[in-house]
Amino acid sequence: MSRIEEAARGIYGAWRLGHGDASGFSFFDTSIAGFWRSFFAMMLALPAYAALVAVGMANLEGEINWQGIVVVEAIAYVIDWFAFPLAAIYVCQWLNKSERYTRLIVALNWAKVLIAIIMLPATVIAAQAPGSVLALIPVAIFVGVLAYVWNVTRMALGANWGEAMMVTMVNLTLGVIVSLWARSLLL
């Protein structure tokens, strides 16, 4: 299977999971090789991430050091993609769900592509109308994304409500820490 075919299957599987359809997992290769290949999703989500960064930086006053932004955001992007998978090794061991670790990471990696695609237009629309009700769009989308990640986590791990929430909060917290670190270097 080519990378394009695997990516199409992975994104479609993530789409099915977004509809609460656990058969979406059948579209993922959860072997060790499939686990590593799922990080190709990082390349697919990159253009949307770059656009989100550009939209976020567009309202900054003064001269913008784009070279510094690119370097810091590139490092933050890579850290963000690998921080949770590393932490999840220990979280899955603690929850006695180590056998479902690759399933979780593969599903979340492909889900990140959908999340990036959804967040981009919402952020652009909100940026065009700051201070209006449209500015609430990214907040609403974020809540939906959080629910989606929680549900994918719950299904992937076969976890109960609380376990899935705890794992989702670890994921979210690591993302926020990386984002705040990057912003602290830039602003």
# chains A, B, ... in the order shown; residues from 1 in each chain; ligands from 1

call {"tool": "closest_atom_pairs", "arguments": {"of": "range 137-180 of chain A", "to": "range 66-89 of chain A", "cutoff": "10 Å", "atoms": "only C-alpha atoms", "output": "Markdown table"}}
result
| residue | atom | partner | partner_atom | distance |
| --- | --- | --- | --- | --- |
| A:Val167 | CA | A:Ala88 | CA | 7.8 |
| A:Thr168 | CA | A:Phe84 | CA | 9.8 |
| A:Val170 | CA | A:Phe84 | CA | 7.6 |
| A:Asn171 | CA | A:Phe84 | CA | 5.6 |
| A:Leu172 | CA | A:Phe84 | CA | 8.8 |
| A:Thr173 | CA | A:Phe84 | CA | 9.3 |
| A:Leu174 | CA | A:Phe84 | CA | 6.7 |
| A:Gly175 | CA | A:Asp80 | CA | 5.9 |
| A:Val176 | CA | A:Asp80 | CA | 9.2 |
| A:Ile177 | CA | A:Asp80 | CA | 9.1 |
| A:Val178 | CA | A:Ala76 | CA | 6.1 |
| A:Ser179 | CA | A:Ala76 | CA | 7.0 |
| A:Leu180 | CA | A:Ala76 | CA | 9.7 |

call {"tool": "write_last_selection", "arguments": {"atoms": "C-alpha atoms", "output": "mmCIF file, in the first residue's frame"}}
result
data_model
loop_
_atom_site.group_PDB
_atom_site.id
_atom_site.type_symbol
_atom_site.label_atom_id
_atom_site.label_comp_id
_atom_site.auth_asym_id
_atom_site.auth_seq_id
_atom_site.Cartn_x
_atom_site.Cartn_y
_atom_site.Cartn_z
ATOM 1 C CA VAL A 167 -5.682 10.735 29.008
ATOM 2 C CA THR A 168 -7.258 13.549 26.974
ATOM 3 C CA VAL A 170 -2.671 14.806 29.579
ATOM 4 C CA ASN A 171 -2.717 15.242 25.794
ATOM 5 C CA LEU A 172 -4.220 18.740 26.037
ATOM 6 C CA THR A 173 -1.888 19.832 28.838
ATOM 7 C CA LEU A 174 1.202 18.803 26.905
ATOM 8 C CA GLY A 175 -0.055 20.690 23.854
ATOM 9 C CA VAL A 176 -0.704 23.822 25.913
ATOM 10 C CA ILE A 177 2.741 23.619 27.539
ATOM 11 C CA VAL A 178 4.448 23.347 24.144
ATOM 12 C CA SER A 179 2.364 26.204 22.755
ATOM 13 C CA LEU A 180 3.071 28.472 25.729
#

call {"tool": "atom_distance", "arguments": {"atom1": "CA of Gly144 in chain A", "atom2": "CA of Glu99 in chain A"}}
result
27.8 Å

call {"tool": "residues_around", "arguments": {"residues": "range 54-57 of chain A", "least_positions_apart": "3", "cutoff": "8 Å", "atoms": "only C-alpha atoms", "output": "PyMOL selection string"}}
result
chain A and resi 50-51+60+123-124+127

call {"tool": "write_last_selection", "arguments": {"atoms": "N, CA and C atoms", "output": "mmCIF file, in the first residue's frame"}}
result
data_model
loop_
_atom_site.group_PDB
_atom_site.id
_atom_site.type_symbol
_atom_site.label_atom_id
_atom_site.label_comp_id
_atom_site.auth_asym_id
_atom_site.auth_seq_id
_atom_site.Cartn_x
_atom_site.Cartn_y
_atom_site.Cartn_z
ATOM 1 N N ALA A 50 0.902 25.708 9.582
ATOM 2 C CA ALA A 50 1.645 26.903 9.174
ATOM 3 C C ALA A 50 0.697 28.071 8.921
ATOM 4 N N ALA A 51 -0.415 27.789 8.292
ATOM 5 C CA ALA A 51 -1.406 28.837 8.038
ATOM 6 C C ALA A 51 -2.005 29.343 9.346
ATOM 7 N N LEU A 60 -0.004 40.867 15.144
ATOM 8 C CA LEU A 60 1.058 41.413 15.982
ATOM 9 C C LEU A 60 1.493 42.768 15.451
ATOM 10 N N THR A 123 -10.565 29.507 12.292
ATOM 11 C CA THR A 123 -9.653 30.539 12.792
ATOM 12 C C THR A 123 -9.586 31.719 11.836
ATOM 13 N N VAL A 124 -9.551 31.445 10.544
ATOM 14 C CA VAL A 124 -9.508 32.523 9.546
ATOM 15 C C VAL A 124 -10.779 33.361 9.622
ATOM 16 N N ALA A 127 -10.676 35.491 12.741
ATOM 17 C CA ALA A 127 -9.675 36.554 12.645
ATOM 18 C C ALA A 127 -10.181 37.731 11.822
#

call {"tool": "residues_around", "arguments": {"residues": "Met155 in chain A", "least_positions_apart": "3", "cutoff": "12 Å", "atoms": "only C-alpha atoms", "output": "list in words"}}
result
Ala14, Arg16, Leu17, Gly18, His19, Gly20, Asp21, Ala22, Ser23, Gly24, Phe25, Arg100, Tyr101, Arg103, Leu104, Ala107, Leu108, Tyr148, Val149, Trp150, Asn151, Val152, Gly158, Ala159, Asn160, Trp161, Glu163, Ala164 and Met165 of chain A

call {"tool": "atom_distance", "arguments": {"atom1": "CA of Ala58 in chain A", "atom2": "CA of Leu46 in chain A"}}
result
18.1 Å

call {"tool": "residues_around", "arguments": {"residues": "Phe27 in chain A", "least_positions_apart": "3", "cutoff": "6 Å", "atoms": "only C-alpha atoms", "output": "count of residues only"}}
result
4

call {"tool": "select_by_dssp", "arguments": {"residues": "chain A", "states": "alpha helix (DSSP H)", "output": "short mmCIF file (atom, residue, chain, number, x, y, z; two decimals) with N, CA and C atoms, in the first residue's frame"}}
result
data_model
loop_
_atom_site.label_atom_id
_atom_site.label_comp_id
_atom_site.auth_asym_id
_atom_site.auth_seq_id
_atom_site.Cartn_x
_atom_site.Cartn_y
_atom_site.Cartn_z
N ARG A 3 1.91 5.33 0.45
CA ARG A 3 1.67 6.30 1.52
C ARG A 3 0.36 7.06 1.31
N ILE A 4 0.08 7.37 0.05
CA ILE A 4 -1.15 8.11 -0.26
C ILE A 4 -2.36 7.25 0.10
N GLU A 5 -2.32 5.97 -0.25
CA GLU A 5 -3.43 5.07 0.09
C GLU A 5 -3.57 4.93 1.60
N GLU A 6 -2.44 4.78 2.27
CA GLU A 6 -2.49 4.64 3.73
C GLU A 6 -3.01 5.92 4.37
N ALA A 7 -2.59 7.08 3.85
CA ALA A 7 -3.07 8.35 4.38
C ALA A 7 -4.58 8.48 4.15
N ALA A 8 -5.03 8.13 2.97
CA ALA A 8 -6.47 8.21 2.67
C ALA A 8 -7.25 7.30 3.61
N ARG A 9 -6.75 6.10 3.83
CA ARG A 9 -7.42 5.17 4.74
C ARG A 9 -7.39 5.71 6.18
N GLY A 10 -6.25 6.26 6.58
CA GLY A 10 -6.12 6.79 7.94
C GLY A 10 -7.06 7.96 8.19
N ILE A 11 -7.12 8.88 7.24
CA ILE A 11 -7.99 10.04 7.39
C ILE A 11 -9.46 9.60 7.37
N TYR A 12 -9.78 8.65 6.48
CA TYR A 12 -11.15 8.16 6.44
C TYR A 12 -11.51 7.44 7.75
N GLY A 13 -10.57 6.66 8.28
CA GLY A 13 -10.80 6.00 9.56
C GLY A 13 -11.04 7.01 10.67
N ALA A 14 -10.26 8.09 10.68
CA ALA A 14 -10.45 9.15 11.68
C ALA A 14 -11.81 9.82 11.50
N TRP A 15 -12.22 9.98 10.24
CA TRP A 15 -13.55 10.55 9.94
C TRP A 15 -14.65 9.64 10.51
N ARG A 16 -14.50 8.33 10.30
CA ARG A 16 -15.50 7.39 10.82
C ARG A 16 -15.55 7.46 12.35
N LEU A 17 -14.38 7.56 12.98
CA LEU A 17 -14.36 7.66 14.44
C LEU A 17 -15.07 8.93 14.90
N GLY A 18 -14.95 9.98 14.12
CA GLY A 18 -15.63 11.23 14.43
C GLY A 18 -17.14 11.10 14.42
N ILE A 32 3.58 -2.07 14.46
CA ILE A 32 4.68 -1.16 14.79
C ILE A 32 5.06 -0.34 13.56
N ALA A 33 5.12 -0.97 12.39
CA ALA A 33 5.44 -0.24 11.16
C ALA A 33 4.35 0.78 10.85
N GLY A 34 3.09 0.41 11.02
CA GLY A 34 1.98 1.33 10.79
C GLY A 34 2.00 2.47 11.79
N PHE A 35 2.40 2.17 13.02
CA PHE A 35 2.54 3.21 14.04
C PHE A 35 3.51 4.29 13.55
N TRP A 36 4.69 3.87 13.11
CA TRP A 36 5.68 4.85 12.65
C TRP A 36 5.22 5.57 11.39
N ARG A 37 4.57 4.85 10.49
CA ARG A 37 4.09 5.50 9.26
C ARG A 37 2.97 6.49 9.55
N ALA A 41 1.25 11.68 8.94
CA ALA A 41 0.15 12.63 9.13
C ALA A 41 0.68 14.00 9.54
N MET A 42 1.83 14.01 10.20
CA MET A 42 2.45 15.26 10.60
C MET A 42 2.74 16.14 9.39
N MET A 43 3.15 15.53 8.30
CA MET A 43 3.44 16.28 7.07
C MET A 43 2.14 16.77 6.41
N LEU A 44 1.10 15.97 6.50
CA LEU A 44 -0.18 16.36 5.91
C LEU A 44 -0.83 17.52 6.66
N ALA A 45 -0.65 17.56 7.97
CA ALA A 45 -1.24 18.62 8.78
C ALA A 45 -0.39 19.90 8.78
N LEU A 46 0.85 19.79 8.34
CA LEU A 46 1.77 20.93 8.41
C LEU A 46 1.29 22.18 7.68
N PRO A 47 0.78 22.09 6.44
CA PRO A 47 0.33 23.33 5.78
C PRO A 47 -0.76 24.06 6.56
N ALA A 48 -1.70 23.33 7.11
CA ALA A 48 -2.77 23.97 7.90
C ALA A 48 -2.19 24.58 9.17
N TYR A 49 -1.24 23.89 9.80
CA TYR A 49 -0.60 24.43 11.00
C TYR A 49 0.15 25.71 10.68
N ALA A 50 0.90 25.71 9.58
CA ALA A 50 1.65 26.90 9.17
C ALA A 50 0.70 28.07 8.92
N ALA A 51 -0.42 27.79 8.29
CA ALA A 51 -1.41 28.84 8.04
C ALA A 51 -2.01 29.34 9.35
N LEU A 52 -2.26 28.46 10.30
CA LEU A 52 -2.78 28.87 11.60
C LEU A 52 -1.79 29.78 12.32
N VAL A 53 -0.51 29.45 12.25
CA VAL A 53 0.53 30.29 12.86
C VAL A 53 0.54 31.66 12.19
N ALA A 54 0.48 31.67 10.87
CA ALA A 54 0.50 32.94 10.13
C ALA A 54 -0.70 33.81 10.51
N VAL A 55 -1.87 33.20 10.61
CA VAL A 55 -3.08 33.95 11.00
C VAL A 55 -2.90 34.49 12.42
N GLY A 56 -2.35 33.69 13.30
CA GLY A 56 -2.13 34.12 14.68
C GLY A 56 -1.13 35.25 14.80
N MET A 57 -0.14 35.27 13.94
CA MET A 57 0.90 36.30 13.98
C MET A 57 0.52 37.56 13.21
N TRP A 66 9.97 36.73 10.97
CA TRP A 66 9.40 35.50 10.42
C TRP A 66 10.38 34.33 10.51
N GLN A 67 11.67 34.60 10.35
CA GLN A 67 12.66 33.52 10.43
C GLN A 67 12.66 32.90 11.83
N GLY A 68 12.61 33.74 12.85
CA GLY A 68 12.54 33.24 14.23
C GLY A 68 11.26 32.48 14.48
N ILE A 69 10.17 33.01 13.95
CA ILE A 69 8.87 32.34 14.11
C ILE A 69 8.91 30.96 13.47
N VAL A 70 9.45 30.87 12.28
CA VAL A 70 9.51 29.58 11.58
C VAL A 70 10.34 28.57 12.37
N VAL A 71 11.48 29.00 12.88
CA VAL A 71 12.35 28.08 13.63
C VAL A 71 11.67 27.60 14.91
N VAL A 72 11.15 28.55 15.69
CA VAL A 72 10.51 28.19 16.96
C VAL A 72 9.27 27.33 16.73
N GLU A 73 8.44 27.72 15.78
CA GLU A 73 7.21 26.97 15.53
C GLU A 73 7.51 25.58 14.95
N ALA A 74 8.55 25.46 14.14
CA ALA A 74 8.92 24.14 13.60
C ALA A 74 9.34 23.21 14.73
N ILE A 75 10.14 23.73 15.65
CA ILE A 75 10.58 22.92 16.80
C ILE A 75 9.36 22.55 17.66
N ALA A 76 8.50 23.54 17.92
CA ALA A 76 7.31 23.28 18.74
C ALA A 76 6.40 22.26 18.07
N TYR A 77 6.29 22.33 16.75
CA TYR A 77 5.43 21.40 16.01
C TYR A 77 5.91 19.96 16.19
N VAL A 78 7.20 19.76 16.05
CA VAL A 78 7.76 18.40 16.21
C VAL A 78 7.60 17.93 17.65
N ILE A 79 7.91 18.80 18.60
CA ILE A 79 7.75 18.42 20.01
C ILE A 79 6.29 18.05 20.30
N ASP A 80 5.36 18.85 19.78
CA ASP A 80 3.95 18.59 20.02
C ASP A 80 3.52 17.23 19.47
N TRP A 81 4.06 16.86 18.33
CA TRP A 81 3.67 15.57 17.73
C TRP A 81 4.24 14.38 18.49
N PHE A 82 5.34 14.57 19.22
CA PHE A 82 5.97 13.43 19.90
C PHE A 82 5.82 13.44 21.42
N ALA A 83 5.46 14.58 22.01
CA ALA A 83 5.35 14.65 23.47
C ALA A 83 4.28 13.71 24.01
N PHE A 84 3.08 13.78 23.43
CA PHE A 84 2.02 12.90 23.94
C PHE A 84 2.31 11.43 23.68
N PRO A 85 2.75 11.04 22.48
CA PRO A 85 3.07 9.62 22.31
C PRO A 85 4.08 9.10 23.32
N LEU A 86 5.05 9.93 23.70
CA LEU A 86 6.01 9.50 24.72
C LEU A 86 5.34 9.39 26.08
N ALA A 87 4.55 10.38 26.46
CA ALA A 87 3.86 10.34 27.75
C ALA A 87 2.84 9.20 27.79
N ALA A 88 2.21 8.94 26.66
CA ALA A 88 1.18 7.90 26.60
C ALA A 88 1.73 6.51 26.87
N ILE A 89 3.00 6.30 26.64
CA ILE A 89 3.61 5.01 26.97
C ILE A 89 3.37 4.72 28.46
N TYR A 90 3.66 5.72 29.29
CA TYR A 90 3.54 5.55 30.73
C TYR A 90 2.08 5.59 31.19
N VAL A 91 1.30 6.45 30.57
CA VAL A 91 -0.12 6.54 30.93
C VAL A 91 -0.82 5.22 30.62
N CYS A 92 -0.53 4.64 29.46
CA CYS A 92 -1.14 3.36 29.08
C CYS A 92 -0.69 2.24 30.01
N GLN A 93 0.59 2.26 30.42
CA GLN A 93 1.07 1.27 31.38
C GLN A 93 0.33 1.42 32.70
N TRP A 94 0.18 2.66 33.16
CA TRP A 94 -0.48 2.93 34.43
C TRP A 94 -1.93 2.45 34.41
N TYR A 101 -1.80 0.77 23.06
CA TYR A 101 -1.03 2.00 22.86
C TYR A 101 -0.91 2.36 21.37
N THR A 102 -0.48 1.43 20.53
CA THR A 102 -0.28 1.79 19.11
C THR A 102 -1.61 2.16 18.47
N ARG A 103 -2.67 1.49 18.84
CA ARG A 103 -4.00 1.82 18.31
C ARG A 103 -4.37 3.26 18.66
N LEU A 104 -4.09 3.68 19.89
CA LEU A 104 -4.38 5.04 20.34
C LEU A 104 -3.58 6.06 19.53
N ILE A 105 -2.29 5.86 19.43
CA ILE A 105 -1.44 6.86 18.77
C ILE A 105 -1.73 6.92 17.28
N VAL A 106 -1.91 5.79 16.64
CA VAL A 106 -2.23 5.79 15.20
C VAL A 106 -3.54 6.55 14.96
N ALA A 107 -4.56 6.27 15.76
CA ALA A 107 -5.85 6.95 15.60
C ALA A 107 -5.72 8.45 15.83
N LEU A 108 -5.01 8.84 16.88
CA LEU A 108 -4.87 10.27 17.17
C LEU A 108 -4.01 10.98 16.12
N ASN A 109 -3.00 10.30 15.59
CA ASN A 109 -2.18 10.92 14.55
C ASN A 109 -3.03 11.26 13.33
N TRP A 110 -3.83 10.31 12.87
CA TRP A 110 -4.67 10.59 11.70
C TRP A 110 -5.76 11.59 12.05
N ALA A 111 -6.23 11.57 13.28
CA ALA A 111 -7.25 12.54 13.70
C ALA A 111 -6.70 13.97 13.66
N LYS A 112 -5.42 14.13 13.92
CA LYS A 112 -4.82 15.47 13.91
C LYS A 112 -4.92 16.13 12.53
N VAL A 113 -4.93 15.34 11.48
CA VAL A 113 -5.08 15.90 10.14
C VAL A 113 -6.47 16.53 10.02
N LEU A 114 -7.49 15.79 10.44
CA LEU A 114 -8.85 16.33 10.40
C LEU A 114 -8.98 17.57 11.28
N ILE A 115 -8.38 17.52 12.44
CA ILE A 115 -8.46 18.65 13.36
C ILE A 115 -7.85 19.90 12.74
N ALA A 116 -6.70 19.75 12.11
CA ALA A 116 -6.04 20.90 11.47
C ALA A 116 -6.91 21.46 10.35
N ILE A 117 -7.50 20.58 9.58
CA ILE A 117 -8.35 21.01 8.46
C ILE A 117 -9.58 21.76 8.97
N ILE A 118 -10.13 21.34 10.09
CA ILE A 118 -11.32 21.98 10.66
C ILE A 118 -10.96 23.31 11.33
N MET A 119 -9.85 23.34 12.03
CA MET A 119 -9.46 24.55 12.77
C MET A 119 -9.09 25.70 11.85
N LEU A 120 -8.50 25.43 10.70
CA LEU A 120 -8.01 26.50 9.83
C LEU A 120 -9.12 27.45 9.38
N PRO A 121 -10.18 26.97 8.72
CA PRO A 121 -11.20 27.93 8.28
C PRO A 121 -11.89 28.64 9.45
N ALA A 122 -12.08 27.94 10.55
CA ALA A 122 -12.72 28.57 11.71
C ALA A 122 -11.86 29.71 12.25
N THR A 123 -10.57 29.51 12.29
CA THR A 123 -9.65 30.54 12.79
C THR A 123 -9.59 31.72 11.84
N VAL A 124 -9.55 31.44 10.54
CA VAL A 124 -9.51 32.52 9.55
C VAL A 124 -10.78 33.36 9.62
N ILE A 125 -11.92 32.72 9.72
CA ILE A 125 -13.20 33.45 9.81
C ILE A 125 -13.21 34.32 11.07
N ALA A 126 -12.79 33.76 12.19
CA ALA A 126 -12.80 34.50 13.45
C ALA A 126 -11.81 35.67 13.40
N ALA A 127 -10.68 35.49 12.74
CA ALA A 127 -9.68 36.55 12.64
C ALA A 127 -10.18 37.73 11.82
N GLN A 128 -11.09 37.46 10.91
CA GLN A 128 -11.63 38.52 10.06
C GLN A 128 -12.66 39.37 10.80
N ILE A 137 -16.28 31.21 17.28
CA ILE A 137 -16.22 30.00 16.45
C ILE A 137 -15.05 29.10 16.85
N PRO A 138 -13.81 29.63 16.96
CA PRO A 138 -12.72 28.73 17.36
C PRO A 138 -12.92 28.09 18.73
N VAL A 139 -13.57 28.81 19.64
CA VAL A 139 -13.84 28.25 20.97
C VAL A 139 -14.81 27.07 20.84
N ALA A 140 -15.86 27.25 20.07
CA ALA A 140 -16.83 26.17 19.86
C ALA A 140 -16.17 24.99 19.16
N ILE A 141 -15.35 25.28 18.16
CA ILE A 141 -14.64 24.21 17.44
C ILE A 141 -13.70 23.49 18.40
N PHE A 142 -13.00 24.24 19.25
CA PHE A 142 -12.07 23.63 20.21
C PHE A 142 -12.80 22.67 21.14
N VAL A 143 -13.97 23.07 21.62
CA VAL A 143 -14.75 22.19 22.50
C VAL A 143 -15.15 20.92 21.74
N GLY A 144 -15.56 21.08 20.48
CA GLY A 144 -15.89 19.92 19.65
C GLY A 144 -14.69 19.02 19.42
N VAL A 145 -13.53 19.64 19.16
CA VAL A 145 -12.30 18.86 18.96
C VAL A 145 -11.93 18.10 20.23
N LEU A 146 -12.07 18.76 21.36
CA LEU A 146 -11.77 18.10 22.63
C LEU A 146 -12.68 16.89 22.84
N ALA A 147 -13.96 17.04 22.52
CA ALA A 147 -14.89 15.92 22.63
C ALA A 147 -14.52 14.80 21.67
N TYR A 148 -14.10 15.17 20.47
CA TYR A 148 -13.67 14.19 19.46
C TYR A 148 -12.45 13.42 19.95
N VAL A 149 -11.44 14.13 20.45
CA VAL A 149 -10.22 13.48 20.94
C VAL A 149 -10.56 12.57 22.11
N TRP A 150 -11.44 13.04 23.00
CA TRP A 150 -11.84 12.21 24.14
C TRP A 150 -12.51 10.92 23.64
N ASN A 151 -13.40 11.03 22.66
CA ASN A 151 -14.12 9.86 22.17
C ASN A 151 -13.18 8.89 21.45
N VAL A 152 -12.26 9.42 20.64
CA VAL A 152 -11.28 8.55 19.97
C VAL A 152 -10.43 7.84 21.02
N THR A 153 -10.01 8.59 22.03
CA THR A 153 -9.20 8.01 23.11
C THR A 153 -9.98 6.91 23.83
N ARG A 154 -11.22 7.18 24.14
CA ARG A 154 -12.07 6.21 24.85
C ARG A 154 -12.21 4.92 24.03
N MET A 155 -12.50 5.09 22.72
CA MET A 155 -12.69 3.91 21.87
C MET A 155 -11.37 3.18 21.65
N ALA A 156 -10.29 3.92 21.44
CA ALA A 156 -9.00 3.28 21.16
C ALA A 156 -8.50 2.46 22.35
N LEU A 157 -8.69 2.99 23.53
CA LEU A 157 -8.19 2.31 24.72
C LEU A 157 -9.21 1.35 25.34
N TRP A 161 -15.21 6.48 30.92
CA TRP A 161 -15.32 7.93 30.75
C TRP A 161 -14.17 8.67 31.42
N GLY A 162 -13.92 8.35 32.68
CA GLY A 162 -12.89 9.04 33.46
C GLY A 162 -11.48 8.79 32.96
N GLU A 163 -11.19 7.53 32.62
CA GLU A 163 -9.86 7.22 32.09
C GLU A 163 -9.61 7.98 30.80
N ALA A 164 -10.60 7.99 29.93
CA ALA A 164 -10.45 8.71 28.66
C ALA A 164 -10.28 10.20 28.89
N MET A 165 -10.99 10.76 29.85
CA MET A 165 -10.86 12.18 30.16
C MET A 165 -9.46 12.49 30.69
N MET A 166 -8.94 11.63 31.56
CA MET A 166 -7.61 11.83 32.12
C MET A 166 -6.56 11.80 31.01
N VAL A 167 -6.64 10.84 30.11
CA VAL A 167 -5.68 10.73 29.01
C VAL A 167 -5.81 11.95 28.08
N THR A 168 -7.03 12.37 27.82
CA THR A 168 -7.26 13.55 26.97
C THR A 168 -6.68 14.79 27.63
N MET A 169 -6.82 14.92 28.94
CA MET A 169 -6.27 16.08 29.64
C MET A 169 -4.74 16.08 29.63
N VAL A 170 -4.13 14.89 29.71
CA VAL A 170 -2.67 14.81 29.58
C VAL A 170 -2.26 15.30 28.19
N ASN A 171 -2.98 14.83 27.17
CA ASN A 171 -2.72 15.24 25.79
C ASN A 171 -2.86 16.76 25.65
N LEU A 172 -3.96 17.31 26.13
CA LEU A 172 -4.22 18.74 26.04
C LEU A 172 -3.17 19.54 26.81
N THR A 173 -2.86 19.12 28.00
CA THR A 173 -1.89 19.83 28.84
C THR A 173 -0.52 19.90 28.17
N LEU A 174 -0.09 18.79 27.60
CA LEU A 174 1.20 18.80 26.91
C LEU A 174 1.17 19.76 25.72
N GLY A 175 0.08 19.77 24.98
CA GLY A 175 -0.05 20.69 23.85
C GLY A 175 -0.02 22.14 24.29
N VAL A 176 -0.69 22.46 25.39
CA VAL A 176 -0.70 23.82 25.91
C VAL A 176 0.70 24.22 26.38
N ILE A 177 1.38 23.33 27.06
CA ILE A 177 2.74 23.62 27.54
C ILE A 177 3.66 23.92 26.36
N VAL A 178 3.61 23.12 25.33
CA VAL A 178 4.45 23.35 24.14
C VAL A 178 4.09 24.68 23.49
N SER A 179 2.81 24.95 23.37
CA SER A 179 2.36 26.20 22.75
C SER A 179 2.81 27.42 23.57
N LEU A 180 2.65 27.36 24.88
CA LEU A 180 3.07 28.47 25.73
C LEU A 180 4.58 28.67 25.69
N TRP A 181 5.31 27.57 25.65
CA TRP A 181 6.77 27.67 25.54
C TRP A 181 7.15 28.37 24.24
N ALA A 182 6.53 27.99 23.13
CA ALA A 182 6.84 28.62 21.85
C ALA A 182 6.49 30.10 21.88
N ARG A 183 5.33 30.44 22.43
CA ARG A 183 4.92 31.85 22.50
C ARG A 183 5.88 32.65 23.38
N SER A 184 6.36 32.03 24.46
CA SER A 184 7.29 32.74 25.35
C SER A 184 8.59 33.08 24.64
N LEU A 185 8.98 32.27 23.69
CA LEU A 185 10.20 32.55 22.94
C LEU A 185 9.98 33.61 21.87
N LEU A 186 8.74 33.74 21.43
CA LEU A 186 8.44 34.64 20.32
C LEU A 186 8.00 36.03 20.76
#
